[in-house]
$ cat input.cif   # mmCIF, C-alpha atoms and all ligand atoms
data_entry
loop_
_atom_site.label_atom_id
_atom_site.label_comp_id
_atom_site.auth_asym_id
_atom_site.auth_seq_id
_atom_site.Cartn_x
_atom_site.Cartn_y
_atom_site.Cartn_z
CA MET A 8 110.38 56.60 114.89
CA ALA A 9 108.99 57.12 111.36
CA ARG A 10 110.17 60.31 109.68
CA GLN A 11 107.53 63.00 109.66
CA ILE A 12 107.14 66.34 107.90
CA GLU A 13 105.66 69.27 109.76
CA PHE A 14 104.39 72.23 107.81
CA PHE A 15 102.05 75.22 108.05
CA HIS A 16 99.41 76.51 105.72
CA PRO A 17 101.15 79.17 103.59
CA GLU A 18 98.28 81.64 103.84
CA PRO A 19 99.17 84.80 105.81
CA PRO A 20 97.18 85.25 109.04
CA PRO A 21 93.96 87.31 108.88
CA ARG A 22 93.56 90.79 110.33
CA ALA A 23 90.92 90.86 113.01
CA HIS A 24 88.57 93.46 111.54
CA ARG A 25 84.85 93.18 111.19
CA VAL A 26 83.93 95.02 108.02
CA TRP A 27 80.88 97.29 107.85
CA PRO A 28 80.19 97.60 104.12
CA VAL A 29 78.49 100.72 102.77
CA PHE A 30 77.38 100.24 99.16
CA LEU A 31 77.30 103.27 96.90
CA PRO A 32 76.47 101.57 93.57
CA PHE A 33 78.04 103.38 90.59
CA ALA A 34 78.61 106.55 92.65
CA GLY A 35 81.48 108.51 91.10
CA CYS A 36 81.90 106.05 88.20
CA PRO A 37 82.86 107.83 84.96
CA HIS A 38 80.82 105.31 82.97
CA ARG A 39 79.20 101.97 83.49
CA CYS A 40 81.72 99.22 82.74
CA LEU A 41 80.84 96.44 80.33
CA PHE A 42 80.71 93.70 82.94
CA CYS A 43 79.59 95.62 86.00
CA ALA A 44 76.35 94.88 87.82
CA GLN A 45 76.93 96.54 91.17
CA ASP A 46 73.19 97.00 91.64
CA ARG A 47 72.46 93.27 91.28
CA GLN A 48 75.64 92.25 93.06
CA THR A 49 74.91 94.29 96.14
CA GLY A 50 71.12 94.17 95.98
CA ARG A 51 71.05 97.99 96.05
CA ASP A 52 70.01 100.42 93.39
CA ALA A 53 72.01 103.53 92.66
CA THR A 54 71.27 105.60 95.69
CA THR A 55 71.47 109.30 96.42
CA LEU A 56 74.58 110.16 98.37
CA ARG A 57 72.53 112.20 100.81
CA GLY A 58 70.26 109.19 101.47
CA ALA A 59 73.28 106.91 101.91
CA ARG A 60 74.88 109.33 104.38
CA ASP A 61 71.70 109.75 106.41
CA SER A 62 71.01 106.05 106.74
CA LEU A 63 74.67 105.33 107.55
CA ALA A 64 74.64 108.00 110.28
CA ARG A 65 71.48 106.48 111.79
CA ASP A 66 72.87 102.92 111.65
CA LEU A 67 76.19 103.96 113.19
CA GLU A 68 74.35 105.80 115.98
CA SER A 69 72.31 102.67 116.78
CA ALA A 70 75.39 100.44 116.71
CA LEU A 71 77.20 102.81 119.08
CA ALA A 72 74.23 102.96 121.44
CA ALA A 73 74.08 99.13 121.43
CA GLY A 74 77.79 98.90 122.33
CA ARG A 75 78.71 97.07 119.12
CA GLY A 76 81.97 97.27 117.19
CA PRO A 77 84.66 98.19 116.47
CA TYR A 78 84.26 97.95 112.71
CA GLU A 79 86.24 98.72 109.63
CA LEU A 80 84.01 100.97 107.56
CA ALA A 81 84.21 100.11 103.85
CA PHE A 82 82.77 102.22 101.04
CA TYR A 83 82.17 99.86 98.12
CA GLY A 84 80.32 99.62 94.84
CA GLY A 85 81.49 102.79 93.11
CA THR A 86 84.48 105.06 92.56
CA PHE A 87 84.88 106.68 95.97
CA THR A 88 87.83 108.91 95.08
CA ALA A 89 85.84 110.41 92.18
CA LEU A 90 82.70 111.22 94.16
CA PRO A 91 81.67 114.82 93.57
CA GLU A 92 82.71 117.33 96.23
CA PRO A 93 82.06 117.39 99.11
CA TRP A 94 81.05 113.73 99.38
CA PRO A 95 84.39 112.00 100.05
CA GLU A 96 85.00 114.52 102.85
CA THR A 97 81.43 114.16 104.13
CA PHE A 98 81.64 110.38 104.43
CA LEU A 99 85.11 110.51 105.96
CA ALA A 100 84.03 113.16 108.48
CA LEU A 101 81.15 110.90 109.50
CA ALA A 102 83.56 107.98 109.87
CA ALA A 103 85.96 110.16 111.89
CA ARG A 104 83.16 111.14 114.30
CA PHE A 105 82.41 107.48 115.05
CA ARG A 106 86.08 106.60 115.10
CA SER A 107 86.64 108.98 117.96
CA ALA A 108 83.70 107.33 119.72
CA GLY A 109 85.46 103.94 119.35
CA LEU A 110 82.98 102.38 116.92
CA ILE A 111 85.17 102.58 113.80
CA SER A 112 88.74 101.29 113.75
CA ARG A 113 89.67 101.74 110.10
CA VAL A 114 88.23 103.12 106.86
CA ARG A 115 88.63 101.74 103.37
CA CYS A 116 87.12 102.40 99.98
CA SER A 117 87.11 100.95 96.51
CA THR A 118 87.99 102.93 93.42
CA ARG A 119 89.42 102.76 89.89
CA PRO A 120 93.16 102.91 89.19
CA ASP A 121 92.71 105.94 86.94
CA CYS A 122 91.06 107.94 89.75
CA THR A 123 94.05 107.97 92.08
CA ASP A 124 96.04 111.18 91.88
CA SER A 125 98.66 111.30 94.62
CA ALA A 126 97.64 114.68 96.05
CA GLY A 127 93.97 113.69 96.25
CA LEU A 128 94.80 110.40 97.96
CA ALA A 129 97.13 112.12 100.43
CA ARG A 130 94.31 114.53 101.32
CA LEU A 131 91.84 111.67 101.86
CA ARG A 132 94.41 110.03 104.10
CA THR A 133 94.59 113.12 106.29
CA LEU A 134 90.79 112.97 106.50
CA GLY A 135 90.93 109.43 107.88
CA LEU A 136 91.08 107.03 104.93
CA ASP A 137 93.35 104.04 105.66
CA MET A 138 93.07 101.72 102.69
CA VAL A 139 92.16 101.80 99.01
CA GLU A 140 91.02 98.75 97.11
CA LEU A 141 91.73 99.25 93.43
CA GLY A 142 89.49 97.60 90.86
CA VAL A 143 92.51 96.88 88.66
CA GLN A 144 90.74 93.97 86.92
CA SER A 145 93.79 93.30 84.70
CA PHE A 146 97.19 94.75 83.86
CA ASP A 147 96.85 93.50 80.27
CA ASP A 148 96.45 96.34 77.76
CA ARG A 149 94.39 94.30 75.33
CA ALA A 150 91.98 92.88 77.92
CA LEU A 151 91.54 96.37 79.38
CA ALA A 152 90.92 97.89 75.93
CA VAL A 153 88.49 95.21 74.72
CA SER A 154 86.64 95.46 78.03
CA GLY A 155 86.35 99.24 77.64
CA ARG A 156 87.95 99.97 81.00
CA GLY A 157 89.46 103.17 79.68
CA TYR A 158 93.00 102.84 81.07
CA SER A 159 96.17 100.89 80.29
CA GLY A 160 98.13 98.33 82.27
CA GLU A 161 100.68 101.04 83.03
CA THR A 162 97.96 103.26 84.51
CA ALA A 163 96.85 100.33 86.66
CA ARG A 164 100.42 99.93 87.97
CA GLN A 165 100.75 103.66 88.57
CA GLY A 166 97.44 103.64 90.45
CA CYS A 167 98.78 100.96 92.79
CA ALA A 168 102.00 102.94 93.29
CA ALA A 169 100.05 106.14 94.01
CA VAL A 170 98.08 104.42 96.79
CA ARG A 171 101.28 103.17 98.42
CA GLU A 172 103.02 106.56 98.01
CA ALA A 173 100.12 108.27 99.75
CA GLY A 174 100.80 106.04 102.78
CA LEU A 175 97.58 104.08 102.30
CA ALA A 176 97.20 100.31 102.49
CA LEU A 177 96.52 98.76 99.10
CA GLY A 178 94.02 96.14 98.00
CA ILE A 179 93.87 94.77 94.46
CA GLN A 180 90.86 93.29 92.70
CA LEU A 181 91.40 91.20 89.57
CA LEU A 182 88.76 90.01 87.13
CA PRO A 183 90.09 86.97 85.30
CA GLY A 184 88.45 85.97 82.02
CA LEU A 185 87.61 89.46 80.74
CA PRO A 186 86.85 89.99 77.05
CA GLY A 187 90.24 90.13 75.30
CA ASP A 188 91.63 87.44 77.61
CA ARG A 189 94.19 84.98 76.24
CA PRO A 190 96.02 82.03 77.81
CA GLY A 191 98.54 83.26 80.36
CA VAL A 192 96.99 86.70 80.95
CA PHE A 193 95.62 85.89 84.39
CA ARG A 194 98.83 84.14 85.42
CA ARG A 195 100.78 87.29 84.55
CA ASP A 196 98.18 89.50 86.24
CA ALA A 197 98.36 87.45 89.44
CA ALA A 198 102.17 87.58 89.47
CA LEU A 199 102.18 91.34 88.85
CA ALA A 200 99.57 91.96 91.52
CA ALA A 201 101.41 89.79 94.07
CA ASP A 202 104.69 91.63 93.30
CA LEU A 203 103.00 94.91 94.22
CA ALA A 204 102.57 93.39 97.71
CA PRO A 205 99.04 94.61 98.48
CA GLU A 206 97.60 93.89 101.90
CA ILE A 207 94.77 91.87 100.33
CA ALA A 208 93.56 90.69 96.95
CA ARG A 209 90.15 89.71 95.63
CA LEU A 210 89.65 87.53 92.57
CA TYR A 211 86.30 87.82 90.82
CA PRO A 212 86.11 85.65 87.69
CA CYS A 213 84.19 87.46 84.98
CA LEU A 214 80.48 86.60 84.86
CA VAL A 215 77.76 87.52 82.39
CA VAL A 216 75.10 89.30 84.43
CA ARG A 217 71.70 90.36 83.12
CA GLY A 218 71.44 94.01 82.17
CA THR A 219 75.16 94.55 81.46
CA GLY A 220 76.89 95.36 78.19
CA LEU A 221 78.67 92.04 78.48
CA ALA A 222 75.30 90.24 78.47
CA ARG A 223 74.60 91.79 75.08
CA GLU A 224 78.04 90.72 73.79
CA TRP A 225 77.45 87.18 75.05
CA GLU A 226 73.98 87.02 73.49
CA ARG A 227 75.53 87.97 70.13
CA GLY A 228 78.13 85.23 70.52
CA ARG A 229 80.98 87.72 70.92
CA TYR A 230 82.06 86.69 74.41
CA THR A 231 82.72 83.29 75.94
CA PRO A 232 83.29 83.14 79.68
CA TRP A 233 85.73 80.81 81.38
CA THR A 234 84.46 77.36 82.31
CA LEU A 235 84.11 76.53 85.99
CA GLU A 236 86.86 73.93 85.72
CA ARG A 237 89.34 76.33 84.15
CA THR A 238 88.44 78.89 86.79
CA ARG A 239 89.12 76.43 89.60
CA GLU A 240 92.48 75.50 88.11
CA GLU A 241 93.62 79.05 87.38
CA LEU A 242 92.58 80.44 90.76
CA ALA A 243 94.12 77.48 92.62
CA ALA A 244 97.40 78.10 90.79
CA ALA A 245 97.26 81.82 91.65
CA LEU A 246 96.73 81.41 95.41
CA PRO A 247 100.28 80.25 96.23
CA VAL A 248 101.64 83.14 94.16
CA PHE A 249 99.81 85.59 96.45
CA TRP A 250 100.52 83.67 99.63
CA GLY A 251 104.21 83.52 98.72
CA ARG A 252 104.27 87.34 98.80
CA GLY A 253 102.37 87.51 102.10
CA VAL A 254 99.10 88.58 100.43
CA ARG A 255 95.78 87.28 101.72
CA VAL A 256 93.19 86.55 99.05
CA ILE A 257 90.04 87.49 100.89
CA ARG A 258 87.49 86.72 98.19
CA LEU A 259 87.25 84.15 95.40
CA GLY A 260 84.19 84.81 93.24
CA LEU A 261 81.19 86.98 93.96
CA ALA A 262 79.10 86.38 97.06
CA PRO A 263 75.50 85.37 96.30
CA GLU A 264 74.03 88.69 97.39
CA GLY A 265 71.03 90.58 96.10
CA THR A 266 69.54 89.04 92.98
CA LEU A 267 72.93 88.03 91.63
CA GLU A 268 72.37 84.28 91.46
CA ARG A 269 69.13 84.74 89.51
CA ASP A 270 70.72 87.27 87.17
CA ILE A 271 73.83 85.33 86.18
CA LEU A 272 73.33 84.35 82.54
CA ALA A 273 76.65 82.58 82.03
CA GLY A 274 80.08 82.21 83.57
CA PRO A 275 81.96 80.34 86.25
CA TRP A 276 79.85 80.99 89.33
CA HIS A 277 79.43 78.37 92.03
CA PRO A 278 78.48 78.96 95.66
CA ALA A 279 81.42 76.81 96.81
CA LEU A 280 84.02 78.13 94.35
CA GLY A 281 86.23 79.39 97.17
CA GLN A 282 86.14 76.07 98.99
CA SER A 283 87.07 74.18 95.78
CA VAL A 284 89.89 76.55 94.92
CA ARG A 285 91.35 76.69 98.42
CA GLY A 286 91.09 72.90 98.64
CA ARG A 287 93.08 72.48 95.42
CA ALA A 288 95.74 74.93 96.52
CA LEU A 289 96.08 73.11 99.85
CA LEU A 290 96.31 69.75 98.04
CA GLU A 291 99.44 71.03 96.27
CA VAL A 292 100.96 71.98 99.63
CA VAL A 293 100.31 68.45 100.95
CA ARG A 294 101.60 66.92 97.70
CA GLU A 295 104.85 68.83 98.08
CA ALA A 296 105.23 67.64 101.67
CA ALA A 297 104.55 64.06 100.53
CA GLY A 298 107.30 64.48 97.93
CA GLU A 299 109.69 65.54 100.68
CA LEU A 300 108.72 62.53 102.76
CA GLY A 301 109.95 60.34 99.92
CA ARG A 302 107.48 57.48 100.52
CA ALA A 303 103.74 56.91 100.71
CA PRO A 304 102.45 58.69 103.83
CA THR A 305 100.49 56.75 106.42
CA ARG A 306 98.84 59.67 108.25
CA LEU A 307 98.04 63.33 107.84
CA ASP A 308 97.18 65.53 110.81
CA VAL A 309 95.24 68.60 109.70
CA PRO A 310 94.51 71.67 111.87
CA ARG A 311 90.78 71.66 112.50
CA ARG A 312 90.33 75.09 110.92
CA TYR A 313 91.06 73.56 107.49
CA GLN A 314 88.58 70.71 107.88
CA GLY A 315 86.03 72.45 105.65
CA GLU A 316 88.37 72.86 102.70
CA LEU A 317 90.89 70.00 102.75
CA LEU A 318 88.79 67.74 100.53
CA GLY A 319 87.33 70.58 98.46
CA HIS A 320 83.61 70.86 97.84
CA GLY A 321 81.60 67.69 98.53
CA GLY A 322 84.77 65.59 98.95
CA GLU A 323 85.83 66.25 95.32
CA LEU A 324 89.51 65.83 96.19
CA ARG A 325 89.13 62.54 98.07
CA GLY A 326 90.49 60.57 95.09
CA GLU A 327 93.56 62.82 94.90
CA TYR A 328 94.36 62.19 98.56
CA GLN A 329 93.81 58.46 98.09
CA ALA A 330 96.26 58.53 95.19
CA LEU A 331 98.81 60.03 97.60
CA GLY A 332 98.15 57.12 99.97
CA LEU A 333 95.87 59.12 102.29
CA SER A 334 92.50 57.43 102.54
CA GLN A 335 89.86 58.89 104.80
CA GLY A 336 90.92 56.83 107.84
CA THR A 337 94.45 58.20 107.67
CA ILE A 338 93.43 61.86 107.86
CA ARG A 339 92.90 63.27 111.36
CA TYR A 340 91.64 66.72 112.27
CA VAL A 341 93.52 68.02 115.27
CA ASP A 342 93.61 71.07 117.54
CA ALA A 343 97.01 72.29 116.39
CA ALA A 344 98.41 75.15 114.32
CA GLY A 345 100.38 73.02 111.87
CA PHE A 346 100.04 69.96 109.66
CA VAL A 347 101.96 66.73 110.26
CA LEU A 348 102.55 64.14 107.55
CA ILE A 349 103.84 60.77 108.72
S1 LIG A 401 83.39 98.30 87.52
FE1 LIG A 401 83.82 99.87 89.03
S2 LIG A 401 84.11 101.74 87.82
FE2 LIG A 401 83.04 100.29 86.48
S3 LIG A 401 80.87 100.76 86.76
FE3 LIG A 401 81.39 99.12 88.20
S4 LIG A 401 81.88 100.16 90.13
FE4 LIG A 401 81.95 101.69 88.49
#

$ encode --input "input.cif" --output "structure tokens"
Amino acid sequence: MARQIEFFHPEPPPRAHRVWPVFLPFAGCPHRCLFCAQDRQTGRDATTLRGARDSLARDLESALAAGRGPYELAFYGGTFTALPEPWPETFLALAARFRSAGLISRVRCSTRPDCTDSAGLARLRTLGLDMVELGVQSFDDRALAVSGRGYSGETARQGCAAVREAGLALGIQLLPGLPGDRPGVFRRDAALAADLAPEIARLYPCLVVRGTGLAREWERGRYTPWTLERTREELAAALPVFWGRGVRVIRLGLAPEGTLERDILAGPWHPALGQSVRGRALLEVVREAAGELGRAPTRLDVPRRYQGELLGHGGELRGEYQALGLSQGTIRYVDAAGFVLI
């Protein structure tokens, strides 16, 4: 019988949580960051916290009455841990009420690394917060300074440590291609982030969005975003680094929500960026298995769940598979958990 190599996709398994996002654009933010367009990204204007709480309470009530859920409630779009008093407590008390009714299973928020004092986080944990996603963006001092983030790489690392020390799950967001970027910065950022072993990571390549400070920099010729091709390559190289540390990368690029697509002036945005990137990362896994096989493969069995990404977007990786000896007729999609290369 011909030698065969069996292998699994290296991505860690997903957590079964349906997320209920609550957008609080710019709420609690100490200033508006150069690149940030939360209003266009989320399709919501800066809202009053009272209005956000009232509509959330109504929506949760209706979901409970309709027997929906459970959900993971996620407060996004601003700096939750720096909301003025008593708003963090107010939102968490609302979440706790619906948690005891069985509608909410977990609560997470997004915030900045420089708004994470240990005592404050520990208090939010006792009020029902489970996870903090930190908008780290980069650990590189120069990229952070040129982008006007207002904190250093060390502060970003300390922020991650403070979340873990408070007993909260950690998520890390990175923004490759910031102003001040140089070759190798994102690779180092990805390795550092993976070493911190967050539960999840999100990678949002930097875009030039209408109405931001970065748009003005770009118009004056002072900022050049990454190309789409570089973005695909860099993100595809980063995925195995995260997977190797058991970290799921749950987002690659911004989702086309609100008016975002219309408002992107420049930068590496594509609706199928994630599919392209995941496809490239998977190609490397197959290439490695083919190397182990030591001869041209004659068949590849692929778990059906990876059918949508094996060949990348629009079959862009077909030629790469053919070069490995795997033409379309030799690839089979099967109801199995693992891959088989024969
Ligand atoms: S990047 Fe984060 S901290 Fe900066 S303005 Fe946007 S939401 Fe606020």

$ closest_residue --input "input.cif" --among "A:Arg269, A:Arg39, A:Arg258, A:Arg239" --to "Arg217 of chain A" --atoms "all atoms listed in the file"
A:Arg269

$ closest_residue --input "input.cif" --among "A:Val215, A:Ile257, A:Leu151, A:Leu324" --to "Asp196 of chain A" --atoms "only C-alpha atoms"
A:Leu151

$ residues_near_point --input "input.cif" --point "(86.4, 104.6, 92.7)" --cutoff "8 Å" --atoms "all atoms listed in the file" --output "list in words"
Gly35, Cys36, Gly85, Thr86, Phe87, Thr88, Ala89, Leu90, Cys116, Ser117, Thr118, Arg119, Pro120, Cys122, Leu141 and Gly142 of chain A

$ write_last_selection --input "input.cif" --atoms "C-alpha atoms" --output "PDB file, in the coordinates of the input"
ATOM      1  CA  GLY A  35      81.480 108.510  91.100  1.00  0.00           C
ATOM      2  CA  CYS A  36      81.900 106.050  88.200  1.00  0.00           C
ATOM      3  CA  GLY A  85      81.490 102.790  93.110  1.00  0.00           C
ATOM      4  CA  THR A  86      84.480 105.060  92.560  1.00  0.00           C
ATOM      5  CA  PHE A  87      84.880 106.680  95.970  1.00  0.00           C
ATOM      6  CA  THR A  88      87.830 108.910  95.080  1.00  0.00           C
ATOM      7  CA  ALA A  89      85.840 110.410  92.180  1.00  0.00           C
ATOM      8  CA  LEU A  90      82.700 111.220  94.160  1.00  0.00           C
ATOM      9  CA  CYS A 116      87.120 102.400  99.980  1.00  0.00           C
ATOM     10  CA  SER A 117      87.110 100.950  96.510  1.00  0.00           C
ATOM     11  CA  THR A 118      87.990 102.930  93.420  1.00  0.00           C
ATOM     12  CA  ARG A 119      89.420 102.760  89.890  1.00  0.00           C
ATOM     13  CA  PRO A 120      93.160 102.910  89.190  1.00  0.00           C
ATOM     14  CA  CYS A 122      91.060 107.940  89.750  1.00  0.00           C
ATOM     15  CA  LEU A 141      91.730  99.250  93.430  1.00  0.00           C
ATOM     16  CA  GLY A 142      89.490  97.600  90.860  1.00  0.00           C
TER      17      GLY A 142
END

$ closest_residue --input "input.cif" --among "A:Ala64, A:Ala245, A:Leu41, A:Ala102" --to "ligand LIG 401 (chain A)" --atoms "all atoms listed in the file"
A:Leu41

$ closest_residue --input "input.cif" --among "A:Arg65, A:Arg25, A:Leu31, A:Arg325" --to "Glu79 of chain A" --atoms "all atoms listed in the file"
A:Arg25

$ atom_distance --input "input.cif" --atom1 "atom CA of Ala279 of chain A" --atom2 "atom CA of Leu246 of chain A"
16.0 Å

$ residues_around --input "input.cif" --residues "Leu71 of chain A" --least-positions-apart "2" --cutoff "10 Å" --atoms "only C-alpha atoms" --output "number ranges by chain"
A: 65-69, 73-77, 105, 108-111

$ atom_distance --input "input.cif" --atom1 "atom CA of Trp94 of chain A" --atom2 "atom FE2 of ligand LIG 401 (chain A)"
18.7 Å

$ closest_residue --input "input.cif" --among "A:Phe98, A:Tyr78, A:Tyr158, A:Phe193" --to "ligand LIG 401 (chain A)" --atoms "only C-alpha atoms and all ligand atoms"
A:Tyr158

$ residues_around --input "input.cif" --residues "segment 313-321 of chain A" --least-positions-apart "4" --cutoff "8 Å" --atoms "all atoms listed in the file" --output "PDB file with C-alpha atoms, in the coordinates of the input"
ATOM      1  CA  ALA A 279      81.420  76.810  96.810  1.00  0.00           C
ATOM      2  CA  GLN A 282      86.140  76.070  98.990  1.00  0.00           C
ATOM      3  CA  SER A 283      87.070  74.180  95.780  1.00  0.00           C
ATOM      4  CA  VAL A 284      89.890  76.550  94.920  1.00  0.00           C
ATOM      5  CA  ARG A 285      91.350  76.690  98.420  1.00  0.00           C
ATOM      6  CA  GLY A 286      91.090  72.900  98.640  1.00  0.00           C
ATOM      7  CA  ARG A 287      93.080  72.480  95.420  1.00  0.00           C
ATOM      8  CA  LEU A 289      96.080  73.110  99.850  1.00  0.00           C
ATOM      9  CA  LEU A 290      96.310  69.750  98.040  1.00  0.00           C
ATOM     10  CA  VAL A 309      95.240  68.600 109.700  1.00  0.00           C
ATOM     11  CA  ARG A 325      89.130  62.540  98.070  1.00  0.00           C
ATOM     12  CA  TYR A 340      91.640  66.720 112.270  1.00  0.00           C
TER      13      TYR A 340
END

$ atom_distance --input "input.cif" --atom1 "atom FE3 of ligand LIG 401 (chain A)" --atom2 "atom CA of Ala150 of chain A"
16.0 Å

$ closest_residue --input "input.cif" --among "A:Arg302, A:Arg130, A:His16, A:Arg106" --to "Ala344 of chain A" --atoms "all atoms listed in the file"
A:His16

$ axis_aligned_box --input "input.cif" --around "segment 17-35 of chain A" --padding-each-side "5 Å" --output "lines of an AutoDock Vina configuration file"
center_x = 88.8
center_y = 93.8
center_z = 101.8
size_x = 34.7
size_y = 39.3
size_z = 32.4

$ residues_around --input "input.cif" --residues "Gly187 of chain A" --least-positions-apart "4" --cutoff "9 Å" --atoms "only C-alpha atoms" --output "PDB file with C-alpha atoms, in the coordinates of the input"
ATOM      1  CA  ASP A 147      96.850  93.500  80.270  1.00  0.00           C
ATOM      2  CA  ARG A 149      94.390  94.300  75.330  1.00  0.00           C
ATOM      3  CA  ALA A 150      91.980  92.880  77.920  1.00  0.00           C
ATOM      4  CA  LEU A 151      91.540  96.370  79.380  1.00  0.00           C
ATOM      5  CA  ALA A 152      90.920  97.890  75.930  1.00  0.00           C
ATOM      6  CA  VAL A 153      88.490  95.210  74.720  1.00  0.00           C
ATOM      7  CA  SER A 154      86.640  95.460  78.030  1.00  0.00           C
ATOM      8  CA  TYR A 230      82.060  86.690  74.410  1.00  0.00           C
TER       9      TYR A 230
END

$ residues_around --input "input.cif" --residues "segment 132-137 of chain A" --least-positions-apart "6" --cutoff "6 Å" --atoms "all atoms listed in the file" --output "list in words"
Val114, Arg115 and Leu175 of chain A

$ decode --input "input.cif" --residues "segment 137-143 of chain A" --atoms "all heavy atoms" --output "CSV table (one decimal), in the first residue's frame"
chain,number,residue,atom,x,y,z
A,137,ASP,N,-15.6,38.7,31.8
A,137,ASP,CA,-14.8,37.5,31.6
A,137,ASP,C,-13.6,37.7,30.7
A,137,ASP,O,-12.6,37.0,30.9
A,137,ASP,CB,-15.7,36.4,30.9
A,137,ASP,CG,-16.9,36.1,31.7
A,137,ASP,OD1,-16.8,35.4,32.7
A,137,ASP,OD2,-18.0,36.6,31.4
A,138,MET,N,-13.7,38.6,29.8
A,138,MET,CA,-12.6,38.7,28.8
A,138,MET,C,-12.4,40.1,28.4
A,138,MET,O,-13.3,40.9,28.3
A,138,MET,CB,-13.0,37.9,27.6
A,138,MET,CG,-12.0,37.9,26.5
A,138,MET,SD,-12.5,36.8,25.1
A,138,MET,CE,-11.1,36.8,24.1
A,139,VAL,N,-11.1,40.5,28.1
A,139,VAL,CA,-10.8,41.8,27.6
A,139,VAL,C,-10.0,41.6,26.4
A,139,VAL,O,-9.0,40.9,26.3
A,139,VAL,CB,-9.9,42.6,28.7
A,139,VAL,CG1,-9.4,43.9,28.1
A,139,VAL,CG2,-10.8,42.8,29.9
A,140,GLU,N,-10.5,42.3,25.3
A,140,GLU,CA,-9.7,42.3,24.1
A,140,GLU,C,-9.0,43.7,24.0
A,140,GLU,O,-9.6,44.7,24.1
A,140,GLU,CB,-10.7,42.3,22.9
A,140,GLU,CG,-11.3,40.9,22.7
A,140,GLU,CD,-11.9,40.8,21.3
A,140,GLU,OE1,-11.4,41.2,20.3
A,140,GLU,OE2,-13.0,40.2,21.3
A,141,LEU,N,-7.6,43.6,24.0
A,141,LEU,CA,-6.8,44.8,24.0
A,141,LEU,C,-6.5,45.2,22.6
A,141,LEU,O,-5.9,44.4,21.8
A,141,LEU,CB,-5.5,44.5,24.8
A,141,LEU,CG,-5.6,44.5,26.3
A,141,LEU,CD1,-4.3,44.4,26.9
A,141,LEU,CD2,-6.3,45.7,26.8
A,142,GLY,N,-6.8,46.5,22.3
A,142,GLY,CA,-6.4,47.0,21.0
A,142,GLY,C,-4.9,47.4,21.1
A,142,GLY,O,-4.5,48.6,21.2
A,143,VAL,N,-4.0,46.4,21.1
A,143,VAL,CA,-2.6,46.6,21.2
A,143,VAL,C,-2.0,47.3,20.0
A,143,VAL,O,-1.2,48.3,20.1
A,143,VAL,CB,-1.9,45.2,21.4
A,143,VAL,CG1,-0.4,45.4,21.2
A,143,VAL,CG2,-2.1,44.7,22.8
